[in-house]
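**Q** One structure, as structure tokens, below. Some questions next.
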Amino acid sequence: MALATRRPAPHAAACAAADVVSAMRHFATGVTVLTCGVGEDAEGVTVSTFSAVPGHPPMACVALRSGSRALRAVAQSPAFVANGLAAGQEALARHFARRTRPSGLSQLPPKAWLDDPADGVPRLSGAVAWLECRPERTVVLSDHELLIARVVSAVHRGGTPLVTFAGELHSGPSTPAFRPRERD
């Protein structure tokens, strides 16, 4: 199958990077915090480029800045969790977006972590969904790397997600709690 591409119009080259970034910010996206590591090596980072790829096997991908602390931690970890934040978790989104955030589980109060994170990959309490992922490969793209991972477990509890649109955080639509589908 051939992939059809369009050549950019001559004026497209003059498109300012700021215009591109501004337009990209107008795609509504769920706010996700990736968490990995254990104890004082635990790391977390807020991302808005996380995408789940359904199919067999289910996969996920995320773009992280090349050379970043987050990319090193997530790519070198045997597993990470994508925490889909809930509408009331703006403070967590902002905390994990700071480049100067501390490492380790002690950076947040114990109640911010679900279960006992010392026993496995840390998950954030109160998220609307969690995907546990195993990194498989990275692909260099511009000044970022696309991390591709296999989804090994998934949980969602329903609720109202936190979304980003036009550079601002918003409440998304509410969803009911998960109910397994009955088979025919």
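Convention: chains lettered A, B, ... in structure tokens order; per-chain residue numbering from 1; ligands numbered from 1 as shown.
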Range 63-76 of chain A: which residues within 10 Å, counting only C-alpha atoms, same-chain residues fewer than 2 positions away excluded, as a PyMOL selection string?
**A** chain A and resi 34-37+41-51+61+78-81+99+133-149
**Q** Assign secondary structure with DSSP using the backbone only, and return the residues of range 70-114 of chain A in strand (DSSP E or B) as a PyMOL selection string.
**A** chain A and resi 80-84+86+113
**Q** Restricting the calculation to only C-alpha atoms: of A:Ser77, A:Arg123, A:Val155, A:Arg98, which residue gets closest to Pro110 in chain A?
**A**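 Of A:Ser77, A:Arg123, A:Val155, A:Arg98, the one nearest Pro110 in chain A is A:Arg123, counting only C-alpha atoms.
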**Q** Closest to Ser22 in chain A among A:Pro58, A:Gly159, A:Gly167, A:Gly126, using only C-alpha atoms?
**A**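 Ranking A:Pro58, A:Gly159, A:Gly167, A:Gly126 by distance to Ser22 in chain A, first place goes to A:Gly167.
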